[in-house]
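Participant: Here you go, this is entry.pdb (PDB, C-alpha atoms).
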```
ATOM      1  CA  MET A 948       8.897  16.559  -1.144
ATOM      2  CA  LEU A 949       9.824  15.544   2.371
ATOM      3  CA  THR A 950       9.009  18.333   4.796
ATOM      4  CA  ALA A 951      10.792  18.880   8.090
ATOM      5  CA  GLU A 952       7.725  17.468   9.811
ATOM      6  CA  ASP A 953       7.821  14.348   7.637
ATOM      7  CA  LYS A 954      11.464  13.777   8.492
ATOM      8  CA  LYS A 955      10.737  14.187  12.179
ATOM      9  CA  LEU A 956       7.857  11.705  12.049
ATOM     10  CA  ILE A 957      10.009   9.146  10.262
ATOM     11  CA  GLN A 958      12.867   9.486  12.703
ATOM     12  CA  GLN A 959      10.450   9.155  15.619
ATOM     13  CA  LEU A 960       8.897   6.105  14.010
ATOM     14  CA  TRP A 961      12.262   4.453  13.509
ATOM     15  CA  GLY A 962      13.133   5.236  17.107
ATOM     16  CA  LYS A 963       9.972   3.449  18.268
ATOM     17  CA  LEU A 964      10.850   0.172  16.593
ATOM     18  CA  GLY A 965      13.206  -0.767  19.418
ATOM     19  CA  GLY A 966      15.210  -3.543  17.873
ATOM     20  CA  ALA A 967      12.317  -5.034  15.921
ATOM     21  CA  GLU A 968      13.749  -3.675  12.672
ATOM     22  CA  GLU A 969      15.129  -7.003  11.489
ATOM     23  CA  GLU A 970      11.904  -8.804  12.177
ATOM     24  CA  ILE A 971      10.023  -6.106  10.308
ATOM     25  CA  GLY A 972      12.406  -6.394   7.355
ATOM     26  CA  ALA A 973      11.927 -10.153   7.138
ATOM     27  CA  ASP A 974       8.157  -9.755   7.549
ATOM     28  CA  ALA A 975       8.011  -7.122   4.806
ATOM     29  CA  LEU A 976       9.970  -9.337   2.402
ATOM     30  CA  TRP A 977       7.908 -12.412   3.137
ATOM     31  CA  ARG A 978       4.689 -10.431   2.640
ATOM     32  CA  MET A 979       6.058  -9.096  -0.634
ATOM     33  CA  PHE A 980       6.876 -12.595  -1.937
ATOM     34  CA  HIS A 981       3.445 -13.766  -0.870
ATOM     35  CA  SER A 982       1.382 -10.871  -2.220
ATOM     36  CA  TYR A 983       3.440 -10.261  -5.354
ATOM     37  CA  PRO A 984       4.875 -13.590  -6.519
ATOM     38  CA  PRO A 985       6.745 -12.090  -9.500
ATOM     39  CA  THR A 986       9.120 -10.444  -7.013
ATOM     40  CA  LYS A 987      10.472 -13.903  -6.267
ATOM     41  CA  THR A 988      12.047 -14.025  -9.701
ATOM     42  CA  TYR A 989      14.901 -11.903  -8.385
ATOM     43  CA  PHE A 990      15.770 -14.492  -5.751
ATOM     44  CA  PRO A 991      16.117 -17.837  -7.526
ATOM     45  CA  HIS A 992      19.182 -18.481  -5.408
ATOM     46  CA  PHE A 993      17.297 -18.048  -2.144
ATOM     47  CA  ASP A 994      15.475 -20.485   0.055
ATOM     48  CA  LEU A 995      12.158 -18.673  -0.023
ATOM     49  CA  SER A 996      10.355 -20.755   2.562
ATOM     50  CA  GLN A 997       8.831 -18.882   5.469
ATOM     51  CA  GLY A 998      11.343 -17.942   8.123
ATOM     52  CA  SER A 999      14.341 -18.935   6.011
ATOM     53  CA  ASP A1000      17.730 -17.623   7.117
ATOM     54  CA  GLN A1001      18.179 -15.984   3.757
ATOM     55  CA  ILE A1002      14.959 -14.018   3.995
ATOM     56  CA  ARG A1003      15.858 -12.950   7.518
ATOM     57  CA  GLY A1004      19.358 -12.005   6.425
ATOM     58  CA  HIS A1005      18.163 -10.041   3.455
ATOM     59  CA  GLY A1006      15.398  -8.336   5.416
ATOM     60  CA  LYS A1007      18.057  -7.242   7.883
ATOM     61  CA  LYS A1008      20.155  -5.791   5.056
ATOM     62  CA  VAL A1009      17.238  -3.902   3.547
ATOM     63  CA  VAL A1010      16.219  -2.423   6.866
ATOM     64  CA  ALA A1011      19.791  -1.427   7.699
ATOM     65  CA  ALA A1012      19.983   0.421   4.384
ATOM     66  CA  LEU A1013      16.704   2.179   5.135
ATOM     67  CA  GLY A1014      17.967   3.057   8.593
ATOM     68  CA  ASN A1015      21.031   4.599   7.032
ATOM     69  CA  ALA A1016      18.867   6.524   4.584
ATOM     70  CA  ILE A1017      16.802   7.843   7.490
ATOM     71  CA  LYS A1018      19.968   9.133   9.173
ATOM     72  CA  ASN A1019      20.817  10.949   5.937
ATOM     73  CA  MET A1020      17.486  12.192   4.695
ATOM     74  CA  ASP A1021      18.935  15.513   3.616
ATOM     75  CA  ASN A1022      21.221  13.749   1.215
ATOM     76  CA  LEU A1023      19.594  10.555   0.067
ATOM     77  CA  SER A1024      21.404  10.571  -3.256
ATOM     78  CA  GLN A1025      24.762  10.314  -1.608
ATOM     79  CA  ALA A1026      23.727   7.988   1.207
ATOM     80  CA  LEU A1027      22.225   5.513  -1.252
ATOM     81  CA  SER A1028      24.786   5.990  -4.011
ATOM     82  CA  GLU A1029      26.381   2.542  -3.678
ATOM     83  CA  LEU A1030      23.013   0.842  -3.571
ATOM     84  CA  SER A1031      21.899   2.886  -6.525
ATOM     85  CA  ASN A1032      24.849   1.560  -8.539
ATOM     86  CA  LEU A1033      24.185  -1.962  -7.388
ATOM     87  CA  HIS A1034      20.532  -1.903  -8.385
ATOM     88  CA  ALA A1035      21.181  -0.234 -11.729
ATOM     89  CA  TYR A1036      24.161  -2.148 -13.013
ATOM     90  CA  ASN A1037      24.167  -5.358 -11.110
ATOM     91  CA  LEU A1038      20.774  -6.376  -9.799
ATOM     92  CA  ARG A1039      18.722  -4.580 -12.423
ATOM     93  CA  VAL A1040      15.516  -5.047 -10.482
ATOM     94  CA  ASP A1041      12.658  -3.629 -12.522
ATOM     95  CA  PRO A1042      12.243  -0.142 -11.004
ATOM     96  CA  PRO A1043       8.513  -0.328 -10.309
ATOM     97  CA  TYR A1044       9.179  -3.263  -8.035
ATOM     98  CA  PHE A1045      10.729  -1.014  -5.503
ATOM     99  CA  SER A1046       9.171   2.210  -6.537
ATOM    100  CA  LEU A1047       6.020   2.592  -4.449
ATOM    101  CA  GLN A1048       4.180  -0.553  -4.995
ATOM    102  CA  PHE A1049       5.468  -3.734  -3.692
ATOM    103  CA  LEU A1050       8.178  -3.317  -1.127
ATOM    104  CA  SER A1051       6.837  -0.007   0.112
ATOM    105  CA  GLN A1052       3.334  -1.414   0.486
ATOM    106  CA  CYS A1053       4.543  -4.487   2.344
ATOM    107  CA  LEU A1054       6.878  -2.535   4.584
ATOM    108  CA  GLN A1055       4.009  -0.228   5.475
ATOM    109  CA  VAL A1056       1.722  -3.149   6.213
ATOM    110  CA  ALA A1057       4.439  -4.678   8.407
ATOM    111  CA  LEU A1058       4.746  -1.374  10.278
ATOM    112  CA  ALA A1059       0.980  -0.863  10.524
ATOM    113  CA  THR A1060       0.343  -4.330  11.977
ATOM    114  CA  ARG A1061       2.791  -3.520  14.741
ATOM    115  CA  LEU A1062       1.919   0.110  15.364
ATOM    116  CA  GLY A1063      -1.853   0.068  14.980
ATOM    117  CA  LYS A1064      -3.306   3.515  15.606
ATOM    118  CA  GLU A1065       0.185   4.951  15.885
ATOM    119  CA  TYR A1066       0.537   4.404  12.167
ATOM    120  CA  SER A1067      -1.474   7.562  11.805
ATOM    121  CA  PRO A1068      -2.389   9.195   8.490
ATOM    122  CA  GLU A1069       0.460  11.684   8.985
ATOM    123  CA  VAL A1070       3.016   8.954   9.625
ATOM    124  CA  HIS A1071       1.605   6.915   6.730
ATOM    125  CA  SER A1072       1.984   9.891   4.439
ATOM    126  CA  ALA A1073       5.567  10.591   5.553
ATOM    127  CA  VAL A1074       6.645   6.970   5.116
ATOM    128  CA  ASP A1075       4.997   6.714   1.715
ATOM    129  CA  LYS A1076       6.814   9.850   0.566
ATOM    130  CA  PHE A1077      10.091   8.619   2.011
ATOM    131  CA  MET A1078       9.874   5.226   0.288
ATOM    132  CA  SER A1079       9.035   7.020  -2.919
ATOM    133  CA  ALA A1080      12.152   9.174  -2.562
ATOM    134  CA  VAL A1081      14.313   6.134  -1.801
ATOM    135  CA  ALA A1082      12.956   4.334  -4.842
ATOM    136  CA  SER A1083      13.683   7.346  -7.019
ATOM    137  CA  VAL A1084      17.282   7.470  -5.891
ATOM    138  CA  LEU A1085      17.763   3.745  -6.383
ATOM    139  CA  ALA A1086      16.418   4.027  -9.904
ATOM    140  CA  GLU A1087      18.461   7.128 -10.787
ATOM    141  CA  LYS A1088      21.221   5.383 -12.694
ATOM    142  CA  TYR A1089      19.178   2.894 -14.632
ATOM    143  CA  ARG A1090      19.650   4.823 -17.800
TER
ATOM    144  CA  MET B1086     -13.152 -14.857 -14.412
ATOM    145  CA  VAL B1087     -11.134 -14.668 -11.222
ATOM    146  CA  HIS B1088     -10.785 -17.828  -9.213
ATOM    147  CA  TRP B1089     -11.116 -17.653  -5.439
ATOM    148  CA  SER B1090     -10.026 -20.592  -3.332
ATOM    149  CA  ALA B1091     -12.062 -21.589  -0.295
ATOM    150  CA  GLU B1092      -9.261 -20.300   1.886
ATOM    151  CA  GLU B1093      -9.245 -16.925   0.155
ATOM    152  CA  LYS B1094     -13.009 -16.560   0.507
ATOM    153  CA  GLN B1095     -12.695 -17.403   4.160
ATOM    154  CA  LEU B1096      -9.946 -14.848   4.695
ATOM    155  CA  ILE B1097     -12.051 -12.200   2.991
ATOM    156  CA  THR B1098     -15.301 -12.841   4.825
ATOM    157  CA  SER B1099     -13.739 -13.317   8.228
ATOM    158  CA  VAL B1100     -11.959  -9.968   7.992
ATOM    159  CA  TRP B1101     -14.992  -8.230   6.501
ATOM    160  CA  GLY B1102     -17.221  -9.550   9.268
ATOM    161  CA  LYS B1103     -15.169  -7.615  11.802
ATOM    162  CA  VAL B1104     -14.887  -4.375   9.860
ATOM    163  CA  SER B1105     -16.879  -1.266  10.708
ATOM    164  CA  VAL B1106     -17.737  -0.100   7.208
ATOM    165  CA  GLU B1107     -18.374   3.427   8.424
ATOM    166  CA  GLN B1108     -15.127   3.734  10.380
ATOM    167  CA  CYS B1109     -12.912   1.950   7.908
ATOM    168  CA  GLY B1110     -14.399   3.704   4.904
ATOM    169  CA  ALA B1111     -13.976   7.121   6.472
ATOM    170  CA  GLU B1112     -10.402   6.337   7.395
ATOM    171  CA  ALA B1113      -9.442   4.923   4.025
ATOM    172  CA  LEU B1114     -10.850   7.867   2.096
ATOM    173  CA  ALA B1115      -9.298  10.385   4.500
ATOM    174  CA  ARG B1116      -5.912   8.721   4.083
ATOM    175  CA  LEU B1117      -6.254   8.787   0.298
ATOM    176  CA  LEU B1118      -6.765  12.553   0.439
ATOM    177  CA  ILE B1119      -3.895  13.001   2.913
ATOM    178  CA  VAL B1120      -1.285  10.633   1.486
ATOM    179  CA  TYR B1121      -2.050  11.450  -2.151
ATOM    180  CA  PRO B1122      -3.232  15.071  -1.968
ATOM    181  CA  TRP B1123      -3.834  15.356  -5.712
ATOM    182  CA  THR B1124      -6.847  13.089  -5.257
ATOM    183  CA  GLN B1125      -8.545  16.051  -3.593
ATOM    184  CA  ARG B1126      -9.255  17.265  -7.118
ATOM    185  CA  PHE B1127     -12.309  15.018  -7.165
ATOM    186  CA  PHE B1128     -13.703  16.479  -3.980
ATOM    187  CA  SER B1129     -13.355  20.220  -4.423
ATOM    188  CA  ASP B1130     -16.898  20.782  -3.158
ATOM    189  CA  PHE B1131     -16.354  18.865   0.052
ATOM    190  CA  GLY B1132     -15.423  21.913   2.103
ATOM    191  CA  ASN B1133     -12.410  22.074   4.360
ATOM    192  CA  LEU B1134      -9.613  19.759   3.225
ATOM    193  CA  SER B1135      -6.807  22.030   4.315
ATOM    194  CA  SER B1136      -5.043  19.727   6.776
ATOM    195  CA  PRO B1137      -5.025  16.076   7.899
ATOM    196  CA  THR B1138      -7.112  17.071  10.935
ATOM    197  CA  ALA B1139      -9.614  18.903   8.757
ATOM    198  CA  ILE B1140      -9.859  15.980   6.343
ATOM    199  CA  ILE B1141     -10.292  13.375   9.074
ATOM    200  CA  GLY B1142     -13.015  15.447  10.738
ATOM    201  CA  ASN B1143     -14.784  16.416   7.533
ATOM    202  CA  PRO B1144     -18.316  14.949   7.640
ATOM    203  CA  ARG B1145     -18.585  14.731   3.870
ATOM    204  CA  VAL B1146     -15.376  12.747   3.694
ATOM    205  CA  ARG B1147     -16.665  10.403   6.355
ATOM    206  CA  ALA B1148     -19.990   9.950   4.621
ATOM    207  CA  HIS B1149     -18.441   9.362   1.249
ATOM    208  CA  GLY B1150     -15.916   6.937   2.693
ATOM    209  CA  LYS B1151     -18.778   4.938   4.126
ATOM    210  CA  LYS B1152     -20.492   4.935   0.737
ATOM    211  CA  VAL B1153     -17.381   3.715  -1.036
ATOM    212  CA  LEU B1154     -16.744   0.918   1.406
ATOM    213  CA  THR B1155     -20.385  -0.132   1.426
ATOM    214  CA  SER B1156     -20.027  -0.599  -2.293
ATOM    215  CA  PHE B1157     -16.907  -2.644  -1.651
ATOM    216  CA  GLY B1158     -19.087  -4.866   0.496
ATOM    217  CA  GLU B1159     -21.182  -5.540  -2.592
ATOM    218  CA  ALA B1160     -18.093  -6.822  -4.338
ATOM    219  CA  ILE B1161     -17.475  -9.214  -1.471
ATOM    220  CA  LYS B1162     -21.027 -10.540  -1.758
ATOM    221  CA  ASN B1163     -20.487 -11.066  -5.478
ATOM    222  CA  LEU B1164     -16.953 -12.357  -5.779
ATOM    223  CA  ASP B1165     -17.873 -14.600  -8.666
ATOM    224  CA  ASN B1166     -19.535 -11.860 -10.611
ATOM    225  CA  LEU B1167     -17.562  -8.674 -10.132
ATOM    226  CA  LYS B1168     -17.706  -7.540 -13.730
ATOM    227  CA  SER B1169     -21.475  -7.133 -13.846
ATOM    228  CA  THR B1170     -21.696  -5.995 -10.230
ATOM    229  CA  TYR B1171     -19.492  -3.019 -11.047
ATOM    230  CA  SER B1172     -20.536  -2.404 -14.617
ATOM    231  CA  LYS B1173     -22.666   0.674 -13.893
ATOM    232  CA  LEU B1174     -20.198   2.069 -11.347
ATOM    233  CA  SER B1175     -17.438   1.704 -13.888
ATOM    234  CA  GLU B1176     -19.352   3.721 -16.437
ATOM    235  CA  LEU B1177     -20.134   6.330 -13.812
ATOM    236  CA  HIS B1178     -16.493   6.745 -12.803
ATOM    237  CA  CYS B1179     -15.475   7.121 -16.422
ATOM    238  CA  ASP B1180     -18.280   9.165 -17.971
ATOM    239  CA  LYS B1181     -19.475  11.340 -15.117
ATOM    240  CA  LEU B1182     -16.747  11.424 -12.483
ATOM    241  CA  HIS B1183     -13.716  11.275 -14.802
ATOM    242  CA  VAL B1184     -11.573   9.428 -12.275
ATOM    243  CA  ASP B1185      -8.253   8.025 -13.489
ATOM    244  CA  PRO B1186      -8.390   4.283 -12.636
ATOM    245  CA  GLU B1187      -4.941   4.537 -11.087
ATOM    246  CA  ASN B1188      -6.746   6.065  -8.114
ATOM    247  CA  PHE B1189      -8.609   2.803  -7.504
ATOM    248  CA  ARG B1190      -5.283   1.061  -7.050
ATOM    249  CA  LEU B1191      -4.132   3.753  -4.618
ATOM    250  CA  LEU B1192      -7.307   3.478  -2.558
ATOM    251  CA  GLY B1193      -7.048  -0.303  -2.559
ATOM    252  CA  ASP B1194      -3.515  -0.210  -1.160
ATOM    253  CA  ILE B1195      -4.586   2.293   1.463
ATOM    254  CA  LEU B1196      -7.503   0.089   2.494
ATOM    255  CA  VAL B1197      -5.053  -2.782   3.023
ATOM    256  CA  ILE B1198      -2.913  -0.595   5.281
ATOM    257  CA  VAL B1199      -5.981   0.535   7.255
ATOM    258  CA  LEU B1200      -6.937  -3.110   7.779
ATOM    259  CA  ALA B1201      -3.369  -3.930   8.828
ATOM    260  CA  ALA B1202      -3.367  -1.159  11.440
ATOM    261  CA  HIS B1203      -6.752  -2.317  12.678
ATOM    262  CA  PHE B1204      -6.109  -6.057  12.868
ATOM    263  CA  GLY B1205      -2.435  -6.046  13.829
ATOM    264  CA  LYS B1206      -0.808  -9.475  13.829
ATOM    265  CA  ASP B1207      -4.083 -11.090  12.765
ATOM    266  CA  PHE B1208      -3.575  -9.453   9.391
ATOM    267  CA  THR B1209      -1.225 -12.250   8.398
ATOM    268  CA  PRO B1210       0.779 -12.396   5.177
ATOM    269  CA  ALA B1211      -1.808 -14.823   3.761
ATOM    270  CA  CYS B1212      -4.540 -12.397   4.698
ATOM    271  CA  GLN B1213      -2.718  -9.500   3.087
ATOM    272  CA  ALA B1214      -2.060 -11.471  -0.097
ATOM    273  CA  THR B1215      -5.765 -12.294  -0.427
ATOM    274  CA  TRP B1216      -6.815  -8.713   0.198
ATOM    275  CA  GLN B1217      -4.221  -7.319  -2.216
ATOM    276  CA  LYS B1218      -5.705  -9.653  -4.800
ATOM    277  CA  LEU B1219      -9.218  -8.503  -3.930
ATOM    278  CA  VAL B1220      -8.473  -4.783  -4.162
ATOM    279  CA  GLY B1221      -6.672  -5.400  -7.435
ATOM    280  CA  VAL B1222      -9.619  -7.264  -8.872
ATOM    281  CA  VAL B1223     -12.076  -4.597  -7.707
ATOM    282  CA  ALA B1224      -9.917  -1.874  -9.245
ATOM    283  CA  HIS B1225      -9.819  -3.822 -12.471
ATOM    284  CA  ALA B1226     -13.602  -4.286 -12.526
ATOM    285  CA  LEU B1227     -14.104  -0.559 -11.949
ATOM    286  CA  ALA B1228     -11.787   0.276 -14.802
ATOM    287  CA  ARG B1229     -13.342  -2.174 -17.193
ATOM    288  CA  LYS B1230     -15.940   0.085 -18.804
ATOM    289  CA  TYR B1231     -13.574   2.951 -19.477
ATOM    290  CA  HIS B1232     -13.339   4.132 -23.036
TER
END
```
Now that the file is in, can you turn its structure into structure tokens?
Facilitator:
Amino acid sequence: MLTAEDKKLIQQLWGKLGGAEEEIGADALWRMFHSYPPTKTYFPHFDLSQGSDQIRGHGKKVVAALGNAIKNMDNLSQALSELSNLHAYNLRVDPPYFSLQFLSQCLQVALATRLGKEYSPEVHSAVDKFMSAVASVLAEKYR
Amino acid sequence: MVHWSAEEKQLITSVWGKVSVEQCGAEALARLLIVYPWTQRFFSDFGNLSSPTAIIGNPRVRAHGKKVLTSFGEAIKNLDNLKSTYSKLSELHCDKLHVDPENFRLLGDILVIVLAAHFGKDFTPACQATWQKLVGVVAHALARKYH
């Protein structure tokens, strides 16, 4: 359960990224494709080479959605409703792929490489919980 | 048997060579107990685990973290023989410690994040991929003797 402190830490973290969000999104995706090759199966239509426009574009989309979720942490279900529909009925990405493991791990690594010590245990915990909550909402309508 | 390319071995040893086992181990274990608080169930006799600050400063957590990561170092010395290297430890975690193997995966992911925070940009995607593979393989070896 996201506490008030968690929410504050996440908002502060997002505030610190200063425009690097898109780069982080692309980095997270690339790391995910590299560390977890099966995730590529959802992007047969993409140029998956490093630095591709499509990876950058999609990373930007993902991060924008997360940014929106962060602005609406008290009502994630509603904020992510459209995306929830999309993932359940259209994309049908296997839920574990975005629940916890792969994207969350790679996003956290992307953040940690940039923030170093500032990616403290408390921040780490808050982000992990947040990504878990996002994944839950996205998987809500699967069945 | 797991295959390790020359590049992967290089990425593992070059990172490991720069790691403070004591510092990294302490941090990884502390984060496990903070990020996934239910894991504290295995350490109920460790004293004060009441807050992140308490956990990070807890000398038993630090010592045990060092022990765990030292053992990880053994895996790195025996990449081609992980199964037998961890055979006894696997039995111990199952029969005596009763640790759900899922926890090995959690600790492995946390270790990767600790390394990322420590090495910054040097912890490249290729580096991460190799280390994710390594922690996965170690977790698997530790789970192997469960029954």
Participant: The PyMOL selection byres ((chain A and resi 1012) around 12) - which residues does that actually catch in the file I just gave you? List them as a list of chain:residue names.
Facilitator: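 When the PyMOL selection byres ((chain A and resi 1012) around 12) is applied, the selected residues are A:Glu968, A:Glu969, A:Gly972, A:His1005, A:Gly1006, A:Lys1007, A:Lys1008, A:Val1009, A:Val1010, A:Ala1011, A:Leu1013, A:Gly1014, A:Asn1015, A:Ala1016, A:Ile1017, A:Lys1018, A:Asn1019, A:Leu1023, A:Ala1026, A:Leu1027, A:Ser1028, A:Glu1029, A:Leu1030, A:Ser1031, A:Met1078, A:Val1081, A:Leu1085.
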Participant: Suppose a student applies the ChimeraX specification (/B :<7) & /A to this structure; what residues should they get, written as an NGL selection string?
Facilitator: :A and (978 or 981-982 or 1055-1056 or 1059-1064 or 1066 or 1068 or 1072)
Participant: Could you name the residues that touch B:Phe1127 at 12 Å or less, counting only C-alpha atoms, but leaving out those on the same chain fewer than 3 positions away, as an MDAnalysis selection string?
Facilitator: chainID B and resid 1114 1117:1118 1121:1124 1130:1132 1134 1146 1149 1178 1181:1185 1188
Participant: Give me, please, the distance in Å between atom CA of A:Gln1052 and atom CA of A:Asp1075, quoted to one decimal.
Facilitator: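 Answer for the atom CA of A:Gln1052 to atom CA of A:Asp1075 separation: 8.4 Å.
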Participant: Apply the PyMOL selection byres ((chain A and resi 1041) around 12) to the structure shown and report the selected residues as a list in words.
Facilitator: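 In the shown coordinates, the PyMOL selection byres ((chain A and resi 1041) around 12) covers Pro985, Thr986, Thr988, Tyr989, His1034, Ala1035, Tyr1036, Asn1037, Leu1038, Arg1039, Val1040, Pro1042, Pro1043, Tyr1044, Phe1045, Ser1046, Gln1048, Phe1049, Ala1082, Leu1085, Ala1086 and Tyr1089 of chain A.
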Participant: Return the padded bounding box of stretch 979-994 of chain A as AutoDock Vina command-line options: axis-aligned, built from all atoms listed in the file, 8 Å added on each side, with centre and edge lengths in Å to one decimal.
Facilitator:
```
--center_x 10.3 --center_y -14.8 --center_z -4.8 --size_x 33.8 --size_y 27.4 --size_z 25.8
```
Participant: Please indicate the distance in Å from atom CA of B:Ser1135 to atom CA of B:Ser1105, rounded to one decimal place.
Facilitator: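 Straight-line distance from atom CA of B:Ser1135 to atom CA of B:Ser1105 works out to 26.2 Å.
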Participant: For a quick check of understanding, using all atoms listed in the file, which of B:Lys1168, B:Lys1173, B:Leu1219, B:Arg1145 has the smallest distance to B:Thr1098?
Facilitator: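 Of B:Lys1168, B:Lys1173, B:Leu1219, B:Arg1145, the one nearest B:Thr1098, counting all atoms listed in the file, is B:Leu1219.
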Participant: Could you check how far atom CA of A:Lys954 sits from atom CA of A:Ala1057, in Å to one decimal?
Facilitator: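 Result for atom CA of A:Lys954 versus atom CA of A:Ala1057: 19.7 Å, one decimal.
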Participant: Identify which of the residues B:Ala1111, B:Leu1154, B:Gly1221, B:Ala1160 lies closest to B:Gly1142, counting all atoms listed in the file when measuring atom-to-atom distances.
Facilitator: B:Ala1111
Participant: For B:Tyr1231, list every protein, DNA or RNA residue within 7 Å, evaluated using all atoms listed in the file, and leave out those in the same chain fewer than 4 positions away; present the list as a list in words.
Facilitator: Ser1175, Glu1176 and Cys1179 of chain B
Participant: Determine, counting only C-alpha atoms, every residue of protein, DNA or RNA that lies within 10 Å of (-15.6, 0.0, -12.8) in the file coordinates, then give the result as a list in words.
Facilitator: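 Looking at atoms near the point gives Leu1167, Lys1168, Ser1169, Thr1170, Tyr1171, Ser1172, Lys1173, Leu1174, Ser1175, Glu1176, Leu1177, His1178, Cys1179, Pro1186, Phe1189, Val1223, Ala1224, His1225, Ala1226, Leu1227, Ala1228, Arg1229, Lys1230 and Tyr1231 of chain B.
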